[in-house]
Every structure is written in structure tokens, then in C-alpha cells.
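Here is input-v4.txt, consisting of compact mmCIF, C-alpha atoms:
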# COMPACT_ATOMS: atom_id res chain seq x y z
CA MET A 1493 48.40 123.53 75.50
CA ARG A 1494 49.57 119.91 75.45
CA PHE A 1495 49.08 117.15 78.03
CA THR A 1496 51.42 114.20 77.59
CA PRO A 1497 51.30 111.07 79.76
CA THR A 1498 54.78 109.97 80.85
CA ALA A 1499 56.11 106.41 81.22
CA LEU A 1500 53.79 106.34 84.27
CA PRO A 1501 50.59 107.36 82.42
CA GLU A 1502 48.96 108.99 85.46
CA VAL A 1503 51.92 111.39 85.73
CA ILE A 1504 51.29 114.02 83.06
CA LEU A 1505 53.67 116.54 81.50
CA VAL A 1506 51.85 119.81 80.81
CA GLU A 1507 53.23 122.08 78.09
CA PRO A 1508 51.33 125.36 78.19
CA ASP A 1509 51.39 127.84 75.36
CA VAL A 1510 54.01 130.53 75.96
CA TYR A 1511 53.37 133.90 74.34
CA LYS A 1512 56.47 136.10 73.97
CA ASP A 1513 56.91 139.60 72.65
CA GLY A 1514 59.06 142.66 73.32
CA ARG A 1515 57.49 143.12 76.75
CA GLY A 1516 58.27 139.61 77.99
CA ARG A 1517 56.03 136.56 78.10
CA PHE A 1518 52.60 135.33 79.15
CA VAL A 1519 51.70 131.79 80.27
CA GLU A 1520 48.35 130.44 81.43
CA THR A 1521 49.36 128.23 84.39
CA TRP A 1522 45.94 126.86 85.39
CA HIS A 1523 42.58 126.58 83.66
CA GLU A 1524 40.25 124.08 85.33
CA ARG A 1525 38.35 123.02 82.21
CA LYS A 1526 41.43 122.66 79.98
CA TYR A 1527 43.32 120.70 82.62
CA ARG A 1528 40.32 118.44 83.32
CA GLU A 1529 40.04 117.72 79.59
CA GLY A 1530 43.82 117.05 79.57
CA GLY A 1531 43.46 114.33 82.24
CA ILE A 1532 43.95 116.36 85.42
CA PRO A 1533 40.56 116.50 87.20
CA ALA A 1534 41.91 118.27 90.26
CA ALA A 1535 40.43 120.69 92.75
CA PHE A 1536 43.29 122.57 94.42
CA VAL A 1537 43.12 123.83 98.01
CA GLN A 1538 46.68 124.95 98.75
CA ASP A 1539 49.57 126.57 96.86
CA ASN A 1540 53.20 126.23 98.00
CA GLU A 1541 56.53 127.70 96.89
CA SER A 1542 60.10 126.81 97.72
CA SER A 1543 63.40 128.48 96.93
CA SER A 1544 66.55 126.36 96.98
CA VAL A 1545 70.22 126.44 96.00
CA ARG A 1546 72.03 124.09 93.59
CA GLY A 1547 72.34 120.55 94.94
CA THR A 1548 69.31 120.78 97.24
CA LEU A 1549 67.17 117.66 97.11
CA ARG A 1550 63.64 117.90 98.51
CA GLY A 1551 61.80 114.60 98.94
CA LEU A 1552 60.66 111.99 98.56
CA HIS A 1553 57.38 113.06 100.18
CA SER A 1554 53.84 111.70 100.21
CA GLN A 1555 51.01 111.15 102.70
CA ARG A 1556 49.64 108.05 104.43
CA THR A 1557 46.05 109.23 104.33
CA ARG A 1558 44.39 111.85 102.14
CA PRO A 1559 47.31 111.94 99.70
CA GLN A 1560 47.92 115.14 97.80
CA GLY A 1561 47.99 115.50 94.06
CA LYS A 1562 50.51 118.16 93.03
CA LEU A 1563 50.83 120.34 89.95
CA VAL A 1564 54.50 121.38 89.94
CA ARG A 1565 56.17 124.18 87.99
CA VAL A 1566 59.46 126.07 88.13
CA LEU A 1567 59.32 129.85 88.53
CA SER A 1568 63.08 130.34 88.13
CA GLY A 1569 65.94 127.93 87.45
CA GLU A 1570 65.95 124.22 86.63
CA ILE A 1571 65.08 121.04 88.55
CA TYR A 1572 65.22 117.27 88.12
CA ASP A 1573 61.72 116.24 89.19
CA ILE A 1574 60.76 112.72 90.34
CA ALA A 1575 57.40 110.98 90.81
CA VAL A 1576 57.26 107.46 92.30
CA ASP A 1577 54.15 105.27 92.42
CA ILE A 1578 53.97 104.07 96.03
CA ARG A 1579 50.39 102.74 95.92
CA ARG A 1580 50.35 99.15 97.18
CA GLY A 1581 48.69 96.92 94.60
CA SER A 1582 49.20 99.33 91.70
CA PRO A 1583 50.52 97.74 88.47
CA THR A 1584 53.24 100.44 88.46
CA PHE A 1585 54.15 100.10 92.17
CA LEU A 1586 57.73 101.38 92.82
CA LYS A 1587 58.13 102.62 89.24
CA TRP A 1588 59.39 106.17 88.89
CA VAL A 1589 59.67 108.83 86.24
CA ALA A 1590 62.09 111.77 86.02
CA LEU A 1591 61.55 115.04 84.17
CA THR A 1592 63.73 118.11 83.88
CA LEU A 1593 61.61 121.22 84.39
CA THR A 1594 62.79 124.76 83.74
CA ALA A 1595 61.30 128.20 84.19
CA GLU A 1596 62.10 128.95 80.56
CA SER A 1597 60.03 126.03 79.21
CA ALA A 1598 57.08 126.77 81.57
CA GLN A 1599 56.34 123.02 81.60
CA GLN A 1600 54.50 121.56 84.55
CA VAL A 1601 54.14 118.04 85.88
CA TRP A 1602 51.02 116.52 87.43
CA VAL A 1603 51.94 114.17 90.29
CA PRO A 1604 48.73 112.32 91.22
CA PRO A 1605 47.65 111.37 94.74
CA GLY A 1606 49.40 108.23 95.97
CA PHE A 1607 52.73 109.10 94.36
CA ALA A 1608 55.83 110.24 96.22
CA HIS A 1609 57.41 113.42 94.89
CA GLY A 1610 60.86 114.95 95.08
CA PHE A 1611 63.18 117.20 93.13
CA LEU A 1612 66.84 118.17 92.84
CA VAL A 1613 67.92 121.73 92.03
CA LEU A 1614 70.21 121.74 88.97
CA SER A 1615 70.67 125.50 88.54
CA GLU A 1616 72.39 127.93 90.92
CA ARG A 1617 68.98 128.58 92.49
CA ALA A 1618 65.45 127.41 91.72
CA ASP A 1619 62.05 128.65 92.80
CA VAL A 1620 59.36 125.98 92.57
CA ALA A 1621 55.59 126.38 92.95
CA TYR A 1622 53.04 123.63 93.31
CA LYS A 1623 49.32 123.44 93.71
CA CYS A 1624 47.97 120.73 96.07
CA THR A 1625 44.67 118.86 96.08
CA ASP A 1626 44.59 118.52 99.88
CA PHE A 1627 45.93 120.42 102.84
CA TYR A 1628 49.36 119.62 104.27
CA ARG A 1629 49.03 117.45 107.37
CA PRO A 1630 52.43 116.80 108.96
CA ASP A 1631 51.03 113.96 111.07
CA THR A 1632 50.26 111.91 107.91
CA GLU A 1633 53.44 112.66 105.96
CA LEU A 1634 55.63 109.89 104.58
CA THR A 1635 59.27 110.82 104.05
CA ILE A 1636 61.06 108.20 101.96
CA ALA A 1637 64.85 108.03 101.59
CA TRP A 1638 65.89 109.74 98.36
CA ASP A 1639 68.43 106.98 97.68
CA ASP A 1640 66.28 103.99 98.64
CA PRO A 1641 67.77 101.04 96.68
CA ASP A 1642 64.37 99.35 96.44
CA ILE A 1643 63.22 102.26 94.27
CA GLY A 1644 66.54 102.82 92.49
CA ILE A 1645 66.15 106.40 91.30
CA GLU A 1646 69.04 107.51 89.10
CA TRP A 1647 69.73 110.93 90.61
CA PRO A 1648 72.44 113.06 88.92
CA ILE A 1649 74.09 113.66 92.32
CA SER A 1650 75.67 111.54 95.05
CA GLU A 1651 75.79 113.99 97.97
CA PRO A 1652 72.80 116.34 97.89
CA ILE A 1653 71.92 119.05 100.38
CA LEU A 1654 69.11 117.64 102.53
CA SER A 1655 66.83 118.97 105.24
CA GLN A 1656 66.94 117.36 108.67
CA LYS A 1657 63.64 115.64 107.85
CA ASP A 1658 64.97 114.22 104.57
CA THR A 1659 68.25 113.16 106.20
CA GLY A 1660 66.23 111.02 108.63
CA ALA A 1661 63.95 109.54 105.96
CA ARG A 1662 63.24 105.82 106.06
CA ARG A 1663 63.42 103.15 103.38
CA LEU A 1664 60.16 102.23 101.74
CA ARG A 1665 60.26 98.65 103.07
CA GLU A 1666 60.05 100.11 106.62
CA LEU A 1667 56.97 102.13 105.62
CA ARG A 1668 55.18 99.51 103.50
CA GLU A 1669 52.22 99.06 105.88
CA LEU A 1670 51.62 102.84 105.77
CA LEU A 1671 51.46 103.16 101.99
CA PRO A 1672 48.24 104.18 100.23
CA THR A 1673 46.32 101.86 97.89
CA PRO A 1674 45.07 102.80 94.43

Please, can you express the file's structure as C-alpha cells?
Amino acid sequence: MRFTPTALPEVILVEPDVYKDGRGRFVETWHERKYREGGIPAAFVQDNESSSVRGTLRGLHSQRTRPQGKLVRVLSGEIYDIAVDIRRGSPTFLKWVALTLTAESAQQVWVPPGFAHGFLVLSERADVAYKCTDFYRPDTELTIAWDDPDIGIEWPISEPILSQKDTGARRLRELRELLPTP
């Protein structure tokens, strides 16, 4: 199992060992001690799954208070996954990193608390699972515009499928006073 810091060192790419044989495959997707030693000292309290069609963009989401850390993996399909540091005062404030995650690779990404997260479905359909370090609280959610020019994410799409919530997302400059601190 490998843990590789990305261009934003707190965002970690996890490459678990994949064991394949004639029956299929086996992957260990969480082991508290190994992940802690790999730089992910998380205690998870909630698991979520989504299923989406090609062109669906979910995000960018975070929380004003009690931000969630998320361990994201793809169960089927392929996604373009984004993490953005939105912690006021952080040396990497407004920096973002993109990773392509697939079910076949079994890779995961650790998105730490205080980062906004989103993803775009690249395959016909994708099922995504993520473990969270805090409970979802809709009253503290921040929904940031996926195409916010102040962040400048280079998405491989110009007209994604968005939820009503994501369609009404605000630019980060309108939310600045609500952002978490490191």
C-alpha cells in the first residue's frame, strides 16, 4: 500500500494493493493503523455513495464549521476528482489538485478537512464511495461554483450536468467570511 502526497501535500493519493486471481480481485480499502502511518489520522463516522451518469459534476462542497475529511474511491467507472484548499490563511489557499480515479485502479484520495471537494464523471456511469470524518450538516454546507474564476479549475467539460444546489452555487469571494481557517 502506497501513500503519495500530491501537489497539495495534505491531499494524499492512496494506492492499495490489489490482489487478482481467477476468481476476481481483493482490495483492502481501509485499515486504521496503515492509513494513520500513511498520513491519514482519520476517525470516520459516516459513509456515503453516489451513482451518476457521464458529464455529472458534483461539487464543489465543504463545510463552514466542523469540516469533513473525506476518503474517496470509485466503485465503478472513472471520475476527475478535485480538492481545493479553501482555508483562509493557509499557504496553499485557493490551490487545487486534480486526480483521475478509476474502479480498476482502486486508488483513493484523502481530502482533508477544510478543503472543498468535487468530481466529474468521465465514464458512462460512475459509483463513488467516500468515508467522512464528521456527520453531514446541511446548515453548515458551503457550495462553491464549479467554474469559479478565482479558483480556475481546468475541468475537461464546459457544460456539465449539475444538481439544483450546484447550479445555484456562489463564487468563493461571496463566501470568504464563511471559510474555515487552518

*Compile the contact shell of segment 1521-1526 of chain A as a list in words: residues with an atom at most 10 Å away, counting only C-alpha atoms, same-chain residues fewer than 3 positions apart removed.*
Met1493, Arg1494, Phe1495, Val1506, Glu1507, Pro1508, Asp1509, Val1510, Phe1518, Glu1529, Gly1530, Gly1531, Ile1532, Pro1533, Ala1534, Ala1535, Phe1536, Leu1563, Arg1565, Ala1598, Gln1599, Gln1600 and Lys1623 of chain A

How close does segment 1506-1592 of chain A get to segment 1604-1607 of chain A? List, as JSON lines, each residue of segment 1506-1592 of chain A within 6 Å, its nearest atom pair and the distance in Å to one decimal, counting all atoms listed in the file.
{"residue": "A:Pro1559", "atom": "CA", "partner": "A:Pro1605", "partner_atom": "CA", "distance": 5.0}
{"residue": "A:Gln1560", "atom": "CA", "partner": "A:Pro1605", "partner_atom": "CA", "distance": 4.9}
{"residue": "A:Gly1561", "atom": "CA", "partner": "A:Pro1605", "partner_atom": "CA", "distance": 4.2}
{"residue": "A:Val1576", "atom": "CA", "partner": "A:Phe1607", "partner_atom": "CA", "distance": 5.2}
{"residue": "A:Asp1577", "atom": "CA", "partner": "A:Phe1607", "partner_atom": "CA", "distance": 4.5}
{"residue": "A:Ile1578", "atom": "CA", "partner": "A:Phe1607", "partner_atom": "CA", "distance": 5.4}
{"residue": "A:Arg1579", "atom": "CA", "partner": "A:Gly1606", "partner_atom": "CA", "distance": 5.6}

*Up to 7 Å from (68.6, 122.9, 87.5) in the file's coordinates: name the residues, counting only C-alpha atoms, as a PyMOL selection string.*
chain A and resi 1569-1572+1613-1615+1618

*Which value, in Å to one decimal, gives the distance between atom CA of Ser1554 of chain A and atom CA of Arg1528 of chain A?*
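Answer for the atom CA of Ser1554 of chain A to atom CA of Arg1528 of chain A separation: 22.7 Å.
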
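Among the candidates A:Gly1610, A:Pro1583, A:Pro1641, A:Pro1630, the one nearest to Thr1673 of chain A when counting all atoms listed in the file is A:Pro1583.
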
*What separation in Å, quoted to one decimal, exists between atom CA of Leu1591 of chain A and atom CA of Asp1573 of chain A?*
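Rounded to one decimal, the two atoms are 5.2 Å apart.
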
*So which residues touch Arg1550 of chain A within 12 Å, counting all atoms listed in the file, skipping near sequence neighbours fewer than 2 positions away, as number ranges by chain?*
A: 1542-1548, 1552-1554, 1571-1574, 1608-1613, 1618, 1620, 1635-1639, 1652-1659, 1661

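Put simply, atom CA of Ile1645 of chain A is 8.6 Å away from atom CA of Val1589 of chain A.
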
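Here the question is which of A:Ser1597, A:Val1564, A:Thr1592, A:Asn1540 gets nearest to Lys1512 of chain A using only C-alpha atoms, and that residue is A:Ser1597.
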
Output as AutoDock Vina command-line options the centre and edge lengths (Å, one decimal) of the box along x, y and z of the file that holds every listed atom of segment 1587-1600 of chain A after adding 5 Å on each side.
--center_x 59.1 --center_y 115.8 --center_z 84.2 --size_x 19.2 --size_y 36.3 --size_z 20.0

*Kindly indicate which residue among A:Leu1567, A:Ile1504, A:Leu1670, A:Val1519 lies nearest to Thr1594 of chain A, using all atoms listed in the file for the distances.*
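The closest residue to Thr1594 of chain A is A:Leu1567.
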
*Have a look at A:Val1601, A:Arg1668, A:Pro1648, A:Asp1642 and name the one nearest to Pro1497 of chain A; count only C-alpha atoms.*
A:Val1601

_Minimum-distance residue to Ala1590 of chain A, chosen among A:Asp1619, A:Asp1626, A:Glu1633, A:Glu1646 (using all atoms listed in the file)_ =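 So, comparing all the options, the nearest one is A:Glu1646.
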
*asked:* Under the rule that all atoms listed in the file are counted, which of A:Gln1555, A:Thr1498, A:Ser1582, A:Gln1538 is the nearest residue to Tyr1622 of chain A?
replied: A:Gln1538
